[in-house]
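This is input-v7.cif. It holds mmCIF, C-alpha atoms (C1' of nucleotides).
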data_input
loop_
_atom_site.label_atom_id
_atom_site.label_comp_id
_atom_site.auth_asym_id
_atom_site.auth_seq_id
_atom_site.Cartn_x
_atom_site.Cartn_y
_atom_site.Cartn_z
CA MET A 5 -7.56 34.48 -39.29
CA PRO A 6 -7.77 34.44 -35.53
CA ARG A 7 -8.52 37.72 -33.89
CA ALA A 8 -7.11 36.94 -30.49
CA PHE A 9 -3.48 37.01 -31.60
CA ALA A 10 -3.89 38.84 -34.84
CA HIS A 11 -0.73 39.66 -36.72
CA ASP A 12 -2.13 42.37 -38.91
CA ARG A 13 -1.44 45.73 -37.34
CA ASP A 14 -5.04 46.91 -37.56
CA ASP A 15 -6.36 43.65 -36.17
CA ALA A 16 -3.82 43.78 -33.37
CA ARG A 17 -4.98 47.26 -32.48
CA GLN A 18 -8.59 46.14 -32.63
CA ALA A 19 -7.79 43.20 -30.35
CA GLU A 20 -6.22 45.61 -27.89
CA LEU A 21 -9.32 47.81 -27.98
CA ASP A 22 -11.57 44.78 -27.47
CA VAL A 23 -9.59 43.65 -24.47
CA ARG A 24 -9.54 47.22 -23.14
CA ALA A 25 -13.32 47.37 -23.43
CA ARG A 26 -13.66 44.11 -21.55
CA VAL A 27 -11.14 44.76 -18.81
CA GLY A 28 -12.54 48.17 -17.95
CA GLU A 29 -10.46 50.43 -15.80
CA LEU A 30 -8.02 47.76 -14.64
CA PRO A 31 -4.43 48.62 -15.54
CA ILE A 32 -3.18 46.31 -18.29
CA ASP A 33 0.25 46.28 -19.92
CA TYR A 34 -0.73 46.02 -23.58
CA SER A 35 2.75 46.06 -25.09
CA ALA A 36 3.62 43.08 -22.87
CA MET A 37 0.38 41.36 -23.83
CA VAL A 38 0.93 41.81 -27.56
CA ALA A 39 4.58 40.75 -27.39
CA MET A 40 4.00 37.61 -25.34
CA SER A 41 0.84 36.48 -27.13
CA ASN A 42 2.71 36.68 -30.41
CA VAL A 43 5.53 34.61 -28.96
CA PHE A 44 3.05 31.90 -28.04
CA ARG A 45 1.23 32.06 -31.34
CA VAL A 46 4.36 31.92 -33.49
CA ALA A 47 5.80 29.08 -31.45
CA THR A 48 2.62 27.03 -31.84
CA ALA A 49 2.25 27.67 -35.55
CA ALA A 50 5.95 27.18 -36.30
CA ARG A 51 6.13 23.96 -34.33
CA LYS A 52 3.15 22.56 -36.20
CA HIS A 53 4.73 23.63 -39.47
CA MET A 54 7.98 21.87 -38.58
CA GLU A 55 6.23 18.73 -37.43
CA LYS A 56 4.33 18.44 -40.70
CA SER A 57 7.04 19.55 -43.12
CA VAL A 58 10.09 17.87 -41.57
CA LEU A 59 9.35 15.55 -38.67
CA ALA A 60 6.27 13.68 -39.87
CA ASP A 61 8.19 11.82 -42.58
CA GLU A 62 10.55 10.37 -39.98
CA GLN A 63 7.82 9.61 -37.41
CA LEU A 64 9.72 11.79 -34.96
CA SER A 65 8.07 13.79 -32.20
CA TRP A 66 9.11 17.34 -31.40
CA SER A 67 10.83 16.30 -28.20
CA GLY A 68 12.40 13.34 -29.95
CA PHE A 69 13.91 15.65 -32.54
CA THR A 70 15.13 18.10 -29.90
CA ALA A 71 16.76 15.37 -27.82
CA LEU A 72 18.42 13.84 -30.86
CA PHE A 73 19.68 17.26 -31.96
CA VAL A 74 21.20 17.96 -28.56
CA LEU A 75 22.92 14.58 -28.47
CA TRP A 76 24.11 15.01 -32.04
CA VAL A 77 25.78 18.34 -31.38
CA TRP A 78 27.09 17.89 -27.84
CA GLY A 79 27.35 14.13 -27.49
CA ALA A 80 26.42 11.88 -24.59
CA MET A 81 25.24 13.37 -21.31
CA GLU A 82 23.30 12.47 -18.21
CA THR A 83 19.53 12.24 -18.34
CA ASN A 84 19.13 15.10 -15.91
CA GLN A 85 20.95 17.49 -18.16
CA LEU A 86 19.29 16.23 -21.33
CA ALA A 87 15.84 16.68 -19.81
CA GLU A 88 16.64 20.32 -19.09
CA GLU A 89 17.99 20.87 -22.58
CA VAL A 90 14.86 19.40 -24.14
CA GLY A 91 12.56 21.23 -21.76
CA ILE A 92 10.67 18.23 -20.36
CA THR A 93 10.65 16.50 -17.00
CA ARG A 94 12.85 13.53 -16.22
CA ALA A 95 9.79 11.33 -16.17
CA SER A 96 8.88 12.38 -19.70
CA LEU A 97 12.45 11.92 -20.87
CA SER A 98 12.43 8.44 -19.46
CA SER A 99 9.59 7.34 -21.72
CA LEU A 100 10.98 9.36 -24.62
CA MET A 101 14.32 7.58 -24.31
CA ALA A 102 12.54 4.24 -24.24
CA THR A 103 10.98 5.14 -27.59
CA LEU A 104 14.20 6.41 -29.16
CA GLU A 105 16.18 3.47 -27.82
CA ARG A 106 13.66 1.00 -29.23
CA ARG A 107 14.14 2.62 -32.63
CA GLY A 108 17.90 2.35 -32.32
CA LEU A 109 18.56 6.10 -32.24
CA CYS A 110 19.86 6.40 -28.67
CA THR A 111 21.56 4.27 -26.04
CA ARG A 112 21.38 4.28 -22.27
CA SER A 113 24.26 3.18 -20.06
CA SER A 114 24.61 3.31 -16.30
CA HIS A 115 27.33 5.45 -14.79
CA PRO A 116 30.27 3.32 -13.60
CA ALA A 117 30.94 5.33 -10.44
CA ASP A 118 27.41 6.35 -9.44
CA GLY A 119 24.82 3.63 -9.87
CA ARG A 120 21.95 6.11 -9.78
CA LEU A 121 23.03 7.98 -12.90
CA VAL A 122 22.24 7.00 -16.47
CA THR A 123 24.19 8.38 -19.39
CA VAL A 124 22.39 8.88 -22.69
CA GLY A 125 24.15 8.94 -26.02
CA PRO A 126 23.31 8.93 -29.71
CA THR A 127 23.89 5.90 -31.90
CA ALA A 128 25.53 6.10 -35.30
CA LYS A 129 22.06 5.71 -36.78
CA GLY A 130 20.82 8.60 -34.66
CA ASN A 131 23.65 10.84 -35.78
CA ARG A 132 23.12 9.91 -39.42
CA LEU A 133 19.44 10.79 -39.10
CA MET A 134 20.20 14.20 -37.62
CA LYS A 135 22.84 14.98 -40.23
CA GLU A 136 20.16 14.41 -42.82
CA LEU A 137 17.30 16.00 -40.91
CA PHE A 138 18.78 19.18 -39.44
CA PRO A 139 19.53 20.86 -42.77
CA LYS A 140 15.91 20.28 -43.77
CA PHE A 141 14.76 21.68 -40.45
CA ASN A 142 17.00 24.71 -40.79
CA ALA A 143 15.82 25.29 -44.35
CA GLN A 144 12.30 25.64 -42.98
CA GLU A 145 13.53 28.00 -40.25
CA ALA A 146 15.09 30.12 -42.98
CA LEU A 147 11.86 29.99 -44.95
CA LEU A 148 9.75 31.17 -42.04
CA THR A 149 12.08 34.09 -41.29
CA GLN A 150 12.70 35.01 -44.91
CA THR A 151 10.98 38.39 -44.67
CA LEU A 152 13.17 39.50 -41.77
CA THR A 153 16.47 41.25 -42.30
CA ALA A 154 19.58 39.92 -40.58
CA THR A 155 19.37 42.86 -38.20
CA SER A 156 15.75 42.07 -37.35
CA ARG A 157 16.61 38.43 -36.68
CA HIS A 158 19.39 39.38 -34.31
CA SER A 159 17.19 41.93 -32.60
CA LEU A 160 14.46 39.32 -32.26
CA ALA A 161 16.84 36.78 -30.78
CA SER A 162 18.29 39.40 -28.44
CA SER A 163 14.89 40.39 -27.05
CA LEU A 164 13.94 36.75 -26.59
CA ARG A 165 17.18 36.05 -24.73
CA ALA A 166 16.39 38.96 -22.42
CA ILE A 167 12.99 37.43 -21.63
CA LEU A 168 14.63 34.06 -21.08
CA ARG A 169 17.09 35.59 -18.61
CA THR A 170 14.19 37.10 -16.69
CA ILE A 171 12.29 33.82 -16.56
CA GLU A 172 15.31 31.93 -15.31
CA SER A 173 16.07 34.56 -12.71
CA ILE A 174 12.54 34.04 -11.40
CA ASP A 175 11.96 30.31 -11.79
CA GLY A 176 15.55 29.24 -11.35
CA PRO A 177 18.05 27.80 -13.81
CA MET B 7 21.69 26.41 -18.08
CA PRO B 8 20.96 24.59 -21.32
CA ARG B 9 23.54 25.01 -23.99
CA ALA B 10 21.35 24.15 -26.94
CA PHE B 11 19.30 27.33 -26.81
CA ALA B 12 21.59 29.44 -24.71
CA HIS B 13 20.52 32.99 -24.10
CA ASP B 14 23.90 34.36 -23.09
CA ARG B 15 25.55 35.90 -26.08
CA ASP B 16 28.79 33.99 -25.64
CA ASP B 17 26.98 30.71 -25.14
CA ALA B 18 24.83 31.38 -28.18
CA ARG B 19 27.96 31.97 -30.22
CA GLN B 20 29.50 28.81 -28.83
CA ALA B 21 26.35 26.86 -29.71
CA GLU B 22 26.59 28.17 -33.25
CA LEU B 23 30.23 27.08 -33.44
CA ASP B 24 29.34 23.64 -32.07
CA VAL B 25 26.60 23.18 -34.65
CA ARG B 26 28.92 24.47 -37.36
CA ALA B 27 31.52 21.90 -36.36
CA ARG B 28 28.93 19.14 -36.50
CA VAL B 29 27.23 20.12 -39.72
CA GLY B 30 30.46 20.46 -41.68
CA GLU B 31 30.34 22.23 -45.00
CA LEU B 32 26.56 22.13 -45.37
CA PRO B 33 25.08 25.62 -45.73
CA ILE B 34 23.14 26.56 -42.58
CA ASP B 35 21.24 29.75 -41.88
CA TYR B 36 22.45 30.54 -38.39
CA SER B 37 20.55 33.76 -37.83
CA ALA B 38 17.33 31.89 -38.64
CA MET B 39 18.37 29.05 -36.35
CA VAL B 40 19.12 31.34 -33.42
CA ALA B 41 15.96 33.39 -33.89
CA MET B 42 13.60 30.41 -34.17
CA SER B 43 15.17 28.31 -31.44
CA ASN B 44 14.82 31.24 -29.06
CA VAL B 45 11.16 31.58 -30.02
CA PHE B 46 10.59 27.94 -29.10
CA ARG B 47 12.56 28.16 -25.92
CA VAL B 48 10.91 31.33 -24.63
CA ALA B 49 7.45 30.01 -25.47
CA THR B 50 8.08 26.77 -23.56
CA ALA B 51 9.58 28.48 -20.52
CA ALA B 52 7.00 31.27 -20.43
CA ARG B 53 4.09 28.87 -20.80
CA LYS B 54 5.37 26.77 -17.91
CA HIS B 55 5.86 29.90 -15.86
CA MET B 56 2.28 31.01 -16.54
CA GLU B 57 0.86 27.59 -15.79
CA LYS B 58 2.57 27.47 -12.43
CA SER B 59 2.16 31.08 -11.36
CA VAL B 60 -1.36 31.79 -12.60
CA LEU B 61 -3.22 28.77 -13.97
CA ALA B 62 -2.35 26.06 -11.46
CA ASP B 63 -4.35 27.70 -8.67
CA GLU B 64 -7.50 27.54 -10.80
CA GLN B 65 -6.86 24.02 -12.14
CA LEU B 66 -7.00 25.48 -15.63
CA SER B 67 -5.08 24.10 -18.58
CA TRP B 68 -3.32 26.36 -21.06
CA SER B 69 -5.90 25.70 -23.75
CA GLY B 70 -8.69 26.07 -21.23
CA PHE B 71 -7.41 29.51 -20.30
CA THR B 72 -6.97 30.52 -23.93
CA ALA B 73 -10.46 29.39 -24.88
CA LEU B 74 -12.00 31.16 -21.91
CA PHE B 75 -10.06 34.33 -22.71
CA VAL B 76 -11.26 34.35 -26.31
CA LEU B 77 -14.88 33.80 -25.25
CA TRP B 78 -14.55 36.46 -22.57
CA VAL B 79 -13.31 39.14 -24.96
CA TRP B 80 -15.26 38.31 -28.13
CA GLY B 81 -18.26 36.43 -26.81
CA ALA B 82 -19.95 33.32 -28.15
CA MET B 83 -18.82 31.80 -31.42
CA GLU B 84 -18.90 28.54 -33.35
CA THR B 85 -16.61 25.72 -32.34
CA ASN B 86 -14.78 25.83 -35.64
CA GLN B 87 -13.70 29.40 -35.11
CA LEU B 88 -12.87 28.91 -31.46
CA ALA B 89 -10.66 25.92 -32.27
CA GLU B 90 -8.66 28.07 -34.68
CA GLU B 91 -8.37 30.87 -32.14
CA VAL B 92 -7.10 28.50 -29.48
CA GLY B 93 -4.78 26.71 -31.89
CA ILE B 94 -6.08 23.18 -31.40
CA THR B 95 -8.07 20.81 -33.59
CA ARG B 96 -11.84 20.57 -33.43
CA ALA B 97 -11.52 17.15 -31.86
CA SER B 98 -9.38 18.54 -29.06
CA LEU B 99 -11.73 21.44 -28.57
CA SER B 100 -14.59 19.01 -28.26
CA SER B 101 -13.08 17.32 -25.23
CA LEU B 102 -11.86 20.65 -23.86
CA MET B 103 -15.38 22.06 -24.03
CA ALA B 104 -16.70 18.98 -22.27
CA THR B 105 -14.32 19.74 -19.42
CA LEU B 106 -15.11 23.46 -19.25
CA GLU B 107 -18.84 22.82 -19.54
CA ARG B 108 -18.71 20.29 -16.72
CA ARG B 109 -17.09 22.97 -14.54
CA GLY B 110 -19.77 25.46 -15.46
CA LEU B 111 -17.47 27.85 -17.32
CA CYS B 112 -18.87 27.42 -20.83
CA THR B 113 -22.11 26.43 -22.54
CA ARG B 114 -22.80 24.68 -25.80
CA SER B 115 -25.95 25.28 -27.82
CA SER B 116 -26.92 24.01 -31.24
CA HIS B 117 -27.45 26.47 -34.02
CA PRO B 118 -31.16 27.01 -34.74
CA ALA B 119 -30.80 27.21 -38.52
CA ASP B 120 -27.96 24.76 -39.16
CA GLY B 121 -28.19 21.58 -37.13
CA ARG B 122 -24.54 20.73 -37.67
CA LEU B 123 -23.20 23.82 -35.97
CA VAL B 124 -22.65 24.23 -32.26
CA THR B 125 -22.23 27.64 -30.69
CA VAL B 126 -19.98 27.97 -27.67
CA GLY B 127 -20.34 30.75 -25.14
CA PRO B 128 -18.99 31.74 -21.75
CA THR B 129 -21.11 31.54 -18.62
CA ALA B 130 -21.28 34.33 -16.06
CA LYS B 131 -19.02 32.21 -13.90
CA GLY B 132 -16.57 31.86 -16.77
CA ASN B 133 -16.51 35.60 -17.36
CA ARG B 134 -16.04 36.31 -13.68
CA LEU B 135 -13.10 33.93 -13.58
CA MET B 136 -11.41 35.61 -16.54
CA LYS B 137 -11.98 39.08 -15.17
CA GLU B 138 -10.11 37.96 -12.09
CA LEU B 139 -7.50 35.85 -13.86
CA PHE B 140 -6.44 37.91 -16.85
CA PRO B 141 -4.97 40.82 -14.84
CA LYS B 142 -2.85 38.28 -12.96
CA PHE B 143 -1.82 36.70 -16.25
CA ASN B 144 -0.95 40.06 -17.75
CA ALA B 145 1.00 41.06 -14.65
CA GLN B 146 3.22 38.05 -15.27
CA GLU B 147 3.57 38.98 -18.94
CA ALA B 148 4.71 42.43 -17.82
CA LEU B 149 7.12 40.86 -15.36
CA LEU B 150 8.72 38.64 -17.99
CA THR B 151 9.18 41.53 -20.42
CA GLN B 152 10.22 44.07 -17.81
CA THR B 153 13.77 44.43 -19.14
CA LEU B 154 12.55 45.35 -22.63
CA THR B 155 11.80 48.92 -23.64
CA ALA B 156 8.45 49.74 -25.20
CA THR B 157 10.24 50.07 -28.52
CA SER B 158 11.81 46.64 -28.15
CA ARG B 159 8.46 45.07 -27.32
CA HIS B 160 6.85 46.57 -30.40
CA SER B 161 9.77 45.52 -32.55
CA LEU B 162 9.55 42.02 -31.10
CA ALA B 163 5.83 41.81 -31.80
CA SER B 164 6.32 43.19 -35.30
CA SER B 165 8.95 40.61 -36.21
CA LEU B 166 6.80 37.83 -34.82
CA ARG B 167 3.80 39.02 -36.83
CA ALA B 168 5.95 38.92 -39.94
CA ILE B 169 6.86 35.28 -39.24
CA LEU B 170 3.20 34.50 -38.60
CA ARG B 171 2.23 36.01 -41.95
CA THR B 172 4.81 33.83 -43.67
CA ILE B 173 3.60 30.68 -41.94
CA GLU B 174 -0.01 31.37 -42.85
CA SER B 175 0.90 32.14 -46.44
CA ILE B 176 2.52 28.70 -46.60
CA ASP B 177 0.24 26.52 -44.51
CA GLY B 178 -2.96 28.39 -45.23
CA PRO B 179 -5.12 30.56 -42.99
"C1'" DT C 13 29.25 1.17 11.51
"C1'" DC C 14 24.92 2.04 10.20
"C1'" DA C 15 20.62 4.38 10.20
"C1'" DA C 16 18.63 8.55 8.24
"C1'" DT C 17 18.39 11.53 4.48
"C1'" DA C 18 18.97 12.82 -0.28
"C1'" DT C 19 19.10 11.99 -5.14
"C1'" DC C 20 18.38 9.46 -9.25
"C1'" DA C 21 15.68 6.93 -12.99
"C1'" DT C 22 11.65 4.74 -13.53
"C1'" DT C 23 6.71 3.40 -13.19
"C1'" DC C 24 1.89 4.47 -12.66
"C1'" DG C 25 -2.39 6.88 -13.47
"C1'" DA C 26 -4.48 10.99 -15.15
"C1'" DA C 27 -4.88 14.70 -18.48
"C1'" DT C 28 -4.28 16.57 -23.03
"C1'" DT C 29 -3.65 16.27 -27.80
"C1'" DC C 30 -3.71 14.26 -32.32
"C1'" DT C 31 -5.49 11.46 -36.51
"C1'" DA C 32 -8.96 8.67 -38.42
"C1'" DA C 33 -13.46 7.16 -38.54
"C1'" DC C 34 -18.36 7.97 -37.59
"C1'" DG C 35 -23.08 9.64 -37.73
"C1'" DA C 36 -25.85 13.65 -38.50
"C1'" DT C 37 -27.03 17.50 -41.27
"C1'" DC C 38 -26.95 20.73 -45.16
"C1'" DG C 39 -26.84 22.30 -50.10
"C1'" DC C 40 -26.74 21.22 -54.87
"C1'" DG C 41 -28.19 18.96 -59.14
"C1'" DC C 42 -31.47 16.24 -61.27
"C1'" DG D 16 -38.65 14.99 -53.76
"C1'" DC D 17 -33.97 12.68 -53.47
"C1'" DG D 18 -29.42 11.05 -53.66
"C1'" DC D 19 -24.48 12.69 -53.21
"C1'" DG D 20 -20.82 15.05 -51.83
"C1'" DA D 21 -19.37 18.33 -48.34
"C1'" DT D 22 -19.16 19.89 -43.70
"C1'" DC D 23 -19.94 19.64 -38.87
"C1'" DG D 24 -19.19 17.90 -33.96
"C1'" DT D 25 -18.08 13.92 -31.71
"C1'" DT D 26 -15.94 9.48 -30.53
"C1'" DA D 27 -12.19 5.97 -30.35
"C1'" DG D 28 -7.53 4.79 -29.89
"C1'" DA D 29 -2.75 6.03 -29.67
"C1'" DA D 30 1.00 9.06 -28.24
"C1'" DT D 31 2.97 12.40 -25.19
"C1'" DT D 32 3.32 14.75 -21.01
"C1'" DC D 33 3.08 15.53 -16.10
"C1'" DG D 34 2.95 14.86 -10.85
"C1'" DA D 35 3.32 11.55 -7.37
"C1'" DA D 36 4.90 7.33 -5.74
"C1'" DT D 37 8.54 3.66 -5.91
"C1'" DG D 38 12.86 1.34 -5.57
"C1'" DA D 39 17.78 1.61 -5.94
"C1'" DT D 40 21.90 3.92 -4.79
"C1'" DA D 41 24.83 7.37 -2.53
"C1'" DT D 42 25.96 10.52 1.22
"C1'" DT D 43 25.84 12.29 5.76
"C1'" DG D 44 25.97 12.24 10.71
"C1'" DA D 45 25.89 10.16 15.16
#

Show the structure stored in the file as structure tokens.
Amino acid sequence: MPRAFAHDRDDARQAELDVRARVGELPIDYSAMVAMSNVFRVATAARKHMEKSVLADEQLSWSGFTALFVLWVWGAMETNQLAEEVGITRASLSSLMATLERRGLCTRSSHPADGRLVTVGPTAKGNRLMKELFPKFNAQEALLTQTLTATSRHSLASSLRAILRTIESIDGP
Amino acid sequence: MPRAFAHDRDDARQAELDVRARVGELPIDYSAMVAMSNVFRVATAARKHMEKSVLADEQLSWSGFTALFVLWVWGAMETNQLAEEVGITRASLSSLMATLERRGLCTRSSHPADGRLVTVGPTAKGNRLMKELFPKFNAQEALLTQTLTATSRHSLASSLRAILRTIESIDGP
DNA sequence: TCAATATCATTCGAATTCTAACGATCGCGC
DNA sequence: GCGCGATCGTTAGAATTCGAATGATATTGA
């Protein structure tokens, strides 16, 4: 088990002591360090778990799944907006869409009024795939959070939303 | 603001309703969905924030920073262990170490007793860099969690550790 | 009207990561 | 001693991502 982002309480405390010993007298916010490092660690481990248990069978990348999910729930939108939803740059979305379009899961169509814009939408095949895939994905989400009470899950989500608000107030929407 | 992983309570509720409308009568665990999607979203946004505000100046990748931090705090170790700490494969660590070694931040030395093993350690330059960089990194962690109370941060970390335990019990250590 | 500026999607090259395959090395059984 | 399977770090090739540059289109201002 990694020590750097240990999840056992004793190991976490030991990690804090180790860092404290290394940093010296510099002022460090340890509760922020422990909270954020666990966010990163869980996200990495959970994403890898999802990719292997759900996405690998369908040869779908993480971003590909996210884009398809967004299009499945909210329908067609412009590439600019989809890129923000997925959390990648427009350049990355451009190549991602090329991949998804080649597999018949998405379509691109130019905006009738503004020739610069491109609208992206899901195909029937794409929507069918997500209707089959999302319940499997969600079942794994439920599995990973099975030891948390409903109250803990809501508290977790609430704290994370607060962090997200702070980030967006700093880096912009 | 993205709708898919909205952090405003009303938007989050609306997202849940939208998904509910799309999924139909299939049973979905919404508290798990909201909790996990916020983990992913915060991790992505926070990582990008850190890369731009702290790591970009030093031309350091996320994994490069993580590896250097681990070596700074716990000292030299074998590549196998370091790869697990950083959360990348041994193959990825191999090329990462080549980069860090070329910049004079790490050293590789073969194990005297076991010719297969390679021990990785930080250089003085690497340790100096981390001593300068980590306080800046931590200051940003504190900034991003500034709206959370100490109790909330500990609760957040505790819930995340519980998820981590579950993942490791499924996917192995 | 039309040139200058802005915005958009895309392309290009570099960096990072992964899986699979490889060669080297170790430990075990005979 | 000596194969044989296991383990290690590395390499090769593919996929994904990004920043910067590009070309097309729209908008603004003189």

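All protein, DNA and RNA residues at most 10 Å from (28.1, 17.5, -27.6) are Phe73, Val74, Leu75, Trp76, Val77, Trp78, Gly79, Ala80, Met81 and Gly125 of chain A; Arg9, Ala10, Ala21, Asp24, Val25 and Arg28 of chain B, using all atoms listed in the file.
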
Spell out the residues picked by the PyMOL selection byres ((chain A) within 8 of (chain D)) here, as an MDAnalysis selection string.
-> chainID A and resid 93 95:96 118:120

Name the residues that the PyMOL selection byres ((chain A) within 12 of (chain C)) pulls out of this structure, and write them as a ChimeraX atom specification.
-> /A:52,65,82-84,87,93-99,101-102,112-115,118-124

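Minimum distance to chain A across B:Ser175, B:Gly30, B:Leu66, B:Ile169 (counting all atoms listed in the file) occurs at B:Ile169.
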
List the residues matched by the PyMOL selection byres ((chain B) within 6 of (chain A)) in the displayed structure as a PyMOL selection string, ordered by chain and then by residue number.
-> chain B and resi 7-8+13+25+38+41+46+48-49+79+91+147-148+150-151+159+162-163+167+169-170+172+179

What would the list of residues within 7 Å of (16.2, 4.0, -36.3) (file frame) look like as a list in words, if all atoms listed in the file are what count?
->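 The residues that fall inside the cut-off are Arg107, Gly108, Leu109, Lys129 and Gly130 of chain A.
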
Non-local contacts of Glu62 of chain A (9 Å; only C-alpha atoms (C1' of nucleotides); under 4 positions in same chain excluded) as a list in words =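 Final neighbour list, sorted by chain and number: Val58, Leu133 and Leu137 of chain A.
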
What is the distance between atom CA of Gly68 of chain A and atom CA of Pro126 of chain A, in Å to one decimal?
->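 Interatomic distance, atom CA of Gly68 of chain A to atom CA of Pro126 of chain A: 11.8 Å.
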
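Counting from atom CA of Gln65 of chain B, the distance to atom CA of Leu106 of chain B is 10.9 Å.
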
What is the distance between atom CA of Thr111 of chain A and atom CA of Ser67 of chain A, in Å to one decimal?
->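 Computed distance, atom CA of Thr111 of chain A to atom CA of Ser67 of chain A, equals 16.3 Å.
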